[in-house]
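As stored in query-v4.cif (mmCIF, C-alpha atoms):
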```cif
data_data
loop_
_atom_site.label_atom_id
_atom_site.label_comp_id
_atom_site.auth_asym_id
_atom_site.auth_seq_id
_atom_site.Cartn_x
_atom_site.Cartn_y
_atom_site.Cartn_z
CA MET A 1 0.00 0.00 0.00
CA ASP A 2 1.30 3.47 -0.91
CA ASN A 3 2.07 5.97 1.86
CA LYS A 4 -0.33 8.90 1.51
CA THR A 5 -1.05 12.11 3.44
CA PHE A 6 -2.18 15.67 2.79
CA CYS A 7 0.40 18.07 1.37
CA LEU A 8 -0.25 21.79 2.08
CA GLU A 9 1.90 22.83 -0.87
CA CYS A 10 0.08 20.59 -3.37
CA GLY A 11 -3.35 21.04 -1.73
CA CYS A 12 -4.23 17.34 -1.96
CA ASP A 13 -3.34 13.87 -0.71
CA VAL A 14 -0.02 12.75 -2.11
CA ASN A 15 2.30 9.78 -1.94
CA TYR A 16 5.36 10.35 0.18
CA SER A 17 8.76 8.79 0.75
CA ILE A 18 10.38 8.17 4.13
CA VAL A 19 14.01 9.11 4.73
CA SER A 20 16.00 8.19 7.82
CA GLU A 21 18.22 10.99 9.13
CA VAL A 22 20.57 11.41 12.09
CA VAL A 23 19.85 14.70 13.84
CA GLU A 24 21.65 16.46 16.67
CA ILE A 25 19.36 17.56 19.47
CA PHE A 26 19.92 19.84 22.44
CA GLY A 27 17.31 19.30 25.10
CA ARG A 28 17.07 19.19 28.91
CA GLY A 29 20.60 20.57 29.05
CA VAL A 30 22.08 17.66 27.08
CA LYS A 31 23.25 17.42 23.48
CA PHE A 32 22.70 14.04 21.82
CA CYS A 33 22.20 12.45 18.41
CA CYS A 34 19.10 10.60 17.33
CA ALA A 35 17.98 8.67 14.25
CA GLU A 36 14.65 10.08 13.03
CA MET A 37 12.39 9.55 10.04
CA SER A 38 11.14 12.31 7.77
CA ALA A 39 8.39 12.19 5.14
CA TYR A 40 8.76 14.03 1.84
CA CYS A 41 6.11 14.66 -0.82
CA ASN A 42 6.78 12.70 -3.98
CA VAL A 43 5.33 15.54 -6.07
CA CYS A 44 6.82 18.79 -4.75
CA GLY A 45 9.49 17.45 -2.38
CA GLU A 46 8.22 19.37 0.65
CA LYS A 47 8.64 17.87 4.11
CA LEU A 48 5.32 16.56 5.43
CA TYR A 49 3.79 16.07 8.85
CA VAL A 50 2.69 12.46 9.41
CA PRO A 51 1.30 11.70 12.91
CA GLU A 52 2.61 8.12 13.01
CA ILE A 53 6.11 9.20 12.02
CA ASN A 54 6.05 12.07 14.51
CA ASP A 55 5.08 9.68 17.32
CA ALA A 56 7.88 7.31 16.35
CA ASN A 57 10.37 10.19 16.39
CA VAL A 58 9.23 11.28 19.84
CA ASN A 59 9.87 7.75 21.11
CA SER A 60 13.22 7.69 19.34
CA ARG A 61 14.26 10.93 21.01
CA GLU A 62 13.22 9.65 24.42
CA GLU A 63 15.28 6.51 23.91
CA ALA A 64 18.28 8.50 22.66
CA TYR A 65 18.04 10.78 25.69
CA ARG A 66 17.93 7.74 27.97
CA LYS A 67 21.12 6.43 26.41
CA ALA A 68 22.84 9.80 26.54
CA MET A 69 22.01 10.12 30.24
CA GLN A 70 22.64 6.41 30.85
CA LEU A 71 19.15 5.90 32.24
CA ILE A 72 17.73 2.43 32.59
CA SER A 73 15.22 1.40 29.91
CA VAL A 74 11.72 -0.02 30.34
CA SER A 75 12.85 -3.40 28.99
CA GLU A 76 15.74 -3.51 31.47
CA ILE A 77 13.37 -2.85 34.37
CA GLN A 78 11.13 -5.62 33.05
CA ASP A 79 14.19 -7.90 32.91
CA ILE A 80 14.89 -7.21 36.59
CA MET A 81 11.33 -8.05 37.56
CA GLU A 82 11.39 -11.25 35.52
CA LYS A 83 14.83 -12.23 36.75
CA TYR A 84 13.84 -11.97 40.42
CA ASN A 85 10.16 -12.87 39.94
CA ILE A 86 8.94 -9.76 41.70
CA GLY A 87 6.20 -7.24 40.93
CA ALA A 88 6.56 -3.50 40.40
CA GLY A 89 5.06 -2.53 43.77
CA PRO A 90 7.15 -4.87 45.95
CA LEU A 91 10.30 -3.96 44.00
CA ALA A 92 9.68 -0.26 44.55
CA LYS A 93 9.20 -0.82 48.31
CA LEU A 94 12.41 -2.85 48.64
CA LEU A 95 14.35 -0.10 46.87
CA GLY A 96 12.86 2.62 49.06
CA PHE A 97 10.94 4.21 46.18
CA GLY A 98 7.32 5.32 46.24
CA GLU A 99 5.00 2.34 45.76
CA ILE A 100 3.89 3.35 42.24
CA THR A 101 7.30 4.62 41.07
CA ILE A 102 8.27 1.48 39.13
CA ASN A 103 4.87 1.39 37.43
CA ARG A 104 5.42 4.98 36.31
CA TYR A 105 8.76 4.04 34.83
CA LEU A 106 7.20 1.04 33.08
CA SER A 107 4.62 3.34 31.49
CA GLY A 108 7.38 5.47 30.00
CA GLN A 109 8.20 8.12 32.61
CA LEU A 110 11.94 8.81 32.68
CA PRO A 111 13.58 7.67 35.92
CA SER A 112 15.78 9.96 37.96
CA LYS A 113 19.54 9.41 37.65
CA ALA A 114 19.70 8.19 41.27
CA HIS A 115 16.87 5.70 40.80
CA SER A 116 18.34 4.53 37.53
CA GLU A 117 21.71 3.82 39.14
CA LYS A 118 20.03 1.83 41.92
CA LEU A 119 18.17 -0.27 39.38
CA PHE A 120 21.30 -0.85 37.30
CA GLU A 121 23.16 -1.98 40.41
CA LEU A 122 20.36 -4.37 41.30
CA LYS A 123 20.29 -5.77 37.77
CA ASN A 124 23.96 -6.70 38.03
CA ASN A 125 24.06 -7.82 41.66
CA ARG A 126 22.07 -10.84 42.80
CA GLN A 127 23.58 -10.61 46.28
CA LEU A 128 22.22 -7.08 46.63
CA MET A 129 18.74 -8.37 45.79
CA GLU A 130 19.08 -10.99 48.51
CA ARG A 131 20.00 -8.32 51.08
CA LEU A 132 17.19 -6.02 50.05
CA LEU A 133 14.68 -8.86 50.20
CA GLU A 134 15.70 -9.92 53.70
CA ASP A 135 15.97 -6.37 55.04
CA GLY A 136 12.60 -5.38 53.58
CA LYS A 137 10.58 -8.57 53.93
CA ASP A 138 8.22 -6.85 56.37
CA LEU A 139 7.46 -4.21 53.73
CA ILE A 140 5.99 -6.65 51.20
CA THR A 141 3.44 -9.46 51.30
CA THR A 142 4.40 -13.00 52.25
CA VAL A 143 3.44 -14.15 48.76
CA ALA A 144 5.77 -11.60 47.11
CA TYR A 145 8.60 -12.49 49.48
CA THR A 146 8.19 -16.24 48.90
CA LYS A 147 8.10 -15.92 45.10
CA CYS A 148 11.24 -13.78 45.01
CA LYS A 149 13.06 -15.92 47.56
CA SER A 150 12.30 -19.09 45.59
CA ARG A 151 13.64 -17.48 42.43
CA LEU A 152 16.85 -16.41 44.17
CA ASN A 153 17.32 -19.92 45.57
CA TYR A 154 16.92 -21.29 42.05
CA LEU A 155 19.48 -18.87 40.62
CA ASN A 156 21.94 -19.60 43.43
CA GLU A 157 21.59 -23.34 42.88
CA LEU A 158 21.96 -22.97 39.12
CA PHE A 159 24.90 -20.60 39.03
CA GLY A 160 26.39 -20.69 42.50
CA ARG A 161 26.79 -17.89 45.00
CA ARG A 162 30.46 -17.35 44.28
CA LYS A 163 31.67 -14.99 41.58
CA ILE A 164 34.02 -17.51 40.02
CA ASP A 165 31.09 -19.85 39.28
CA LEU A 166 29.24 -17.10 37.45
CA ILE A 167 32.32 -16.14 35.44
CA ALA A 168 32.95 -19.78 34.53
CA GLN A 169 29.35 -20.01 33.32
CA TYR A 170 29.77 -16.88 31.23
CA ILE A 171 32.97 -18.17 29.62
CA LEU A 172 31.27 -21.48 28.84
CA THR A 173 28.27 -19.77 27.30
CA LYS A 174 30.21 -17.35 25.12
CA SER A 175 32.87 -19.81 23.97
CA GLY A 176 32.65 -22.59 21.44
CA ASP A 177 33.43 -26.12 22.60
CA ILE A 178 35.57 -25.75 25.70
CA THR A 179 37.14 -28.43 27.88
CA PRO A 180 37.74 -28.25 31.63
CA LEU A 181 41.45 -27.72 30.92
CA ALA A 182 40.78 -24.70 28.70
CA LEU A 183 38.21 -23.27 31.12
CA GLN A 184 40.76 -23.31 33.94
CA LYS A 185 43.27 -21.33 31.92
CA LEU A 186 40.69 -18.76 30.79
CA LEU A 187 39.72 -18.24 34.43
CA TYR A 188 43.39 -17.82 35.31
CA TYR A 189 44.02 -15.20 32.63
CA SER A 190 40.75 -13.46 33.51
CA GLN A 191 41.79 -13.04 37.11
CA ALA A 192 45.37 -12.07 36.26
CA PHE A 193 44.66 -9.44 33.61
CA TYR A 194 41.65 -7.94 35.41
CA TYR A 195 43.79 -7.05 38.41
CA ALA A 196 46.66 -5.89 36.22
CA LEU A 197 44.40 -3.51 34.29
CA PHE A 198 41.97 -2.32 36.97
CA ASN A 199 43.86 -2.90 40.25
CA LYS A 200 41.00 -4.89 41.78
CA SER A 201 40.05 -8.55 41.94
CA LEU A 202 37.56 -10.08 39.52
CA PHE A 203 36.95 -12.91 42.01
CA ASP A 204 38.62 -14.01 45.25
CA ASP A 205 39.56 -17.65 44.68
CA ASP A 206 43.20 -18.74 44.65
CA CYS A 207 44.53 -21.18 42.07
CA GLN A 208 46.97 -24.02 42.61
CA ALA A 209 50.02 -25.06 40.59
CA TRP A 210 48.90 -28.46 39.30
CA ALA A 211 50.86 -30.45 36.76
CA HIS A 212 48.60 -29.23 33.95
CA GLY A 213 48.94 -25.57 34.90
CA PRO A 214 46.99 -23.22 37.20
CA VAL A 215 43.79 -24.80 38.51
CA PHE A 216 40.92 -23.50 40.65
CA PRO A 217 39.96 -26.67 42.59
CA SER A 218 36.26 -25.87 43.13
CA VAL A 219 35.72 -25.38 39.40
CA TYR A 220 37.79 -28.47 38.60
CA TYR A 221 35.62 -30.76 40.73
CA LYS A 222 32.44 -29.17 39.37
CA TYR A 223 33.32 -30.17 35.78
CA LYS A 224 35.67 -33.10 36.44
CA GLU A 225 33.28 -35.62 34.87
CA TYR A 226 33.86 -34.17 31.39
CA GLY A 227 37.54 -35.12 31.40
CA TYR A 228 39.00 -34.07 28.05
CA ASP A 229 35.57 -33.59 26.44
CA PRO A 230 33.83 -30.24 25.94
CA ILE A 231 31.61 -29.13 28.82
CA GLU A 232 27.88 -29.17 28.11
CA LYS A 233 26.10 -25.88 28.71
CA ASN A 234 22.59 -24.48 28.83
CA ILE A 235 22.86 -21.15 27.04
CA GLU A 236 19.23 -20.08 27.39
CA GLU A 237 19.15 -20.55 31.15
CA PHE A 238 22.43 -18.75 31.69
CA GLU A 239 21.63 -15.77 29.49
CA SER A 240 18.51 -15.14 31.55
CA CYS A 241 20.67 -14.04 34.48
CA CYS A 242 24.02 -12.99 33.01
CA GLY A 243 23.07 -9.52 34.26
CA ASP A 244 24.81 -10.50 37.50
CA LEU A 245 27.98 -9.36 35.71
CA SER A 246 28.53 -5.67 35.06
CA VAL A 247 28.82 -4.27 31.56
CA ASP A 248 32.54 -3.63 32.10
CA GLU A 249 33.12 -7.16 33.37
CA ILE A 250 31.31 -8.65 30.38
CA SER A 251 33.33 -6.49 27.98
CA PHE A 252 36.54 -7.60 29.70
CA LEU A 253 35.62 -11.29 29.64
CA ASP A 254 34.72 -11.04 25.96
CA ALA A 255 38.24 -9.73 25.32
CA ILE A 256 39.76 -12.63 27.28
CA ILE A 257 37.68 -15.12 25.29
CA THR A 258 38.77 -13.47 22.04
CA SER A 259 42.43 -13.40 23.08
CA PHE A 260 42.76 -16.89 24.59
CA GLY A 261 39.59 -18.82 23.71
CA CYS A 262 40.86 -19.51 20.19
CA TYR A 263 43.53 -21.85 21.59
CA SER A 264 43.07 -25.43 22.77
CA GLY A 265 43.44 -26.44 26.38
CA THR A 266 46.78 -28.06 25.54
CA VAL A 267 48.14 -24.83 24.05
CA LEU A 268 46.84 -22.78 26.96
CA ARG A 269 48.51 -25.18 29.38
CA ALA A 270 51.80 -24.70 27.54
CA MET A 271 51.35 -20.93 27.77
CA THR A 272 50.99 -21.00 31.55
CA HIS A 273 54.00 -23.31 31.79
CA CYS A 274 56.09 -20.50 30.25
CA GLU A 275 55.13 -17.99 32.91
CA LEU A 276 56.81 -17.25 36.22
CA PRO A 277 53.81 -17.62 38.60
CA TRP A 278 53.25 -21.31 37.79
CA ILE A 279 56.98 -22.07 37.49
CA GLU A 280 57.78 -20.47 40.85
CA ALA A 281 54.91 -22.25 42.65
CA ARG A 282 56.05 -25.62 41.29
CA GLY A 283 59.57 -25.19 42.66
CA ASN A 284 61.70 -28.29 42.12
CA LEU A 285 58.82 -30.63 41.34
CA ARG A 286 58.99 -32.82 38.25
CA PRO A 287 56.52 -32.00 35.45
CA SER A 288 54.18 -34.87 36.36
CA ASP A 289 54.33 -34.47 40.16
CA ARG A 290 51.08 -33.71 41.97
CA SER A 291 50.92 -30.44 43.88
CA VAL A 292 48.37 -28.33 45.73
CA SER A 293 50.71 -25.38 46.21
CA THR A 294 48.89 -22.07 45.87
CA ILE A 295 50.14 -19.72 43.20
CA LYS A 296 50.61 -16.56 45.24
CA ARG A 297 48.32 -13.76 44.19
CA LYS A 298 51.12 -11.25 44.72
CA THR A 299 53.34 -13.14 42.28
CA ILE A 300 50.57 -13.17 39.68
CA ASN A 301 49.86 -9.47 40.16
CA VAL A 302 53.51 -8.42 39.87
CA TYR A 303 54.14 -10.64 36.85
CA PHE A 304 51.11 -9.47 34.86
CA ALA A 305 51.68 -5.83 35.78
CA ASP A 306 55.02 -6.27 34.02
CA VAL A 307 53.28 -8.03 31.10
CA ILE A 308 50.94 -5.12 30.40
CA LYS A 309 53.83 -2.67 30.70
CA LYS A 310 56.14 -4.53 28.32
CA ASN A 311 53.39 -5.19 25.79
CA ASN A 312 51.82 -1.72 26.04
CA ILE A 313 48.43 -3.21 27.00
CA GLN A 314 46.20 -0.25 27.79
CA ASN A 315 42.77 -1.88 27.55
CA PRO A 316 41.31 -5.42 27.36
CA CYS A 317 41.38 -5.45 23.54
CA ASP A 318 45.19 -5.20 23.65
CA ILE A 319 45.53 -8.49 25.56
CA ALA A 320 45.56 -10.37 22.24
CA LYS A 321 49.01 -8.93 21.58
CA TYR A 322 50.36 -10.93 24.51
CA SER A 323 48.50 -14.16 23.70
CA ARG A 324 49.80 -14.09 20.10
CA LYS A 325 53.35 -13.49 21.28
CA LEU A 326 53.07 -16.34 23.79
CA TYR A 327 51.68 -18.67 21.13
CA GLU A 328 54.56 -17.85 18.78
CA LYS A 329 56.99 -18.60 21.59
CA ILE A 330 55.43 -22.03 22.08
CA VAL A 331 55.46 -22.83 18.35
CA ILE A 332 59.13 -21.88 18.08
CA ALA A 333 59.99 -23.98 21.13
CA ASP A 334 58.17 -26.99 19.67
CA SER A 335 60.03 -26.67 16.38
CA PHE A 336 63.37 -27.46 17.99
#
```

Could you take the file, read its structure, and then write that structure out as structure tokens?
Amino acid sequence: MDNKTFCLECGCDVNYSIVSEVVEIFGRGVKFCCAEMSAYCNVCGEKLYVPEINDANVNSREEAYRKAMQLISVSEIQDIMEKYNIGAGPLAKLLGFGEITINRYLSGQLPSKAHSEKLFELKNNRQLMERLLEDGKDLITTVAYTKCKSRLNYLNELFGRRKIDLIAQYILTKSGDITPLALQKLLYYSQAFYYALFNKSLFDDDCQAWAHGPVFPSVYYKYKEYGYDPIEKNIEEFESCCGDLSVDEISFLDAIITSFGCYSGTVLRAMTHCELPWIEARGNLRPSDRSVSTIKRKTINVYFADVIKKNNIQNPCDIAKYSRKLYEKIVIADSF
């Protein structure tokens, strides 16, 4: 069906064409860009007013403003409610908002920056939801409390309460076929480079200097049954709650997967065998000797701080420079 509307210049209904344009807008004290649609008369070329297009542009501007101000979206609020199986009213009470505040946001009202930040934090922090639920259980009905508590218990059972379990799940989900051996090494490099780049821990677990390289025992025993086979994973279930990781953490882990996930577990093991932290923790042990010696976190931190300095690694995307160099070192060593 042809697009038609009234053109003032032509004085009659005309066919029109729609053109998408990026416009710069200054509103509410903020300058931002927005993709909008414009209708032009096919006869005289004049710009036309079309109610449906105008409404779509208004929505587009609202969404662009949200992004410019980093305000949480309606769909993200809905994701929080679905993730924790909680209604708008109970959620508002637990957060200390007015009872109908969340419903207003769901209907399109822009949230305040402070409220938006609270919601973003909750979206990425299951432990925070647990605390809010327990602290505010007298503020909501027993039914609402029970439904949310049951959902949290399910998520904790599925993904574990500890950060390392969640990160392992993310790596599994976003990688191709990955064996327990490869998973261990990706966890090791995740922890090492995160601290080296951001001066804070990604998770708190210590690894041990096993014969096959650095190993986090709790993760090893969780996936031990797979041996040298790829670990099975349920992508749909995991993606429903990957919001427990922050945007920055996800971006970092994606870089680790890109930098190291392309190598087999055997190659990754050889990489860690070239590095001081594992070598130092092994001491005088023979290659096949069993060991539960902890690889000191300080040794890892000092070593990888030197790695990012020598390789001019300024952000997670630069980590691939080191993994390629390490791989070339292994290939050269194997050729002799």

Could you check which of A:Phe193, A:Phe252, A:Tyr105, A:Tyr226 is closest to Val302 of chain A, using all atoms listed in the file?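 Using all atoms listed in the file, Val302 of chain A sits closest to A:Phe193.
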
Measuring between only C-alpha atoms, which one of A:Lys185, A:Val43, A:Asp13, A:Phe120 shows the shortest distance to Val247 of chain A? A:Phe120

Looking at A:Ser323, A:Ser116, A:Asn54, A:Ser291, which one is nearest to Val267 of chain A, with distances taken over only C-alpha atoms? A:Ser323

Answer key for the PyMOL selection byres ((chain A and resi 202) around 12), residues as a ChimeraX atom specification: /A:162-168,187-201,203-206,245-246,248-250,252-253

One-decimal distance in Å that lies between atom CA of Tyr263 of chain A and atom CA of Ala209 of chain A: 20.3 Å

Applied to the shown file, which residues does the PyMOL selection byres ((chain A and resi 109) around 12) return, written as a ChimeraX atom specification? /A:59,62-63,66,71-74,100-108,110-112,116

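Minimum atom-to-atom distances from A:Phe26, A:Tyr322, A:Phe6, A:Phe32 to Asp306 of chain A were compared using only C-alpha atoms, and the lowest value belongs to A:Tyr322.
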
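Proximity ranking of A:Pro90, A:Thr179, A:Asn315, A:Thr173 relative to Asp138 of chain A places A:Pro90 first, based on only C-alpha atoms.
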
Which residues are near Leu119 of chain A? Cut-off 10 Å, all atoms listed in the file, ignore same chain within fewer than 3 positions. Put them as a PyMOL selection string. chain A and resi 71-72+76-77+80+91-92+95+111+113-116+122-125

Kindly resolve the PyMOL selection byres ((chain A and resi 44) around 9) on the present coordinates and return the residues as a count of residues only. 9
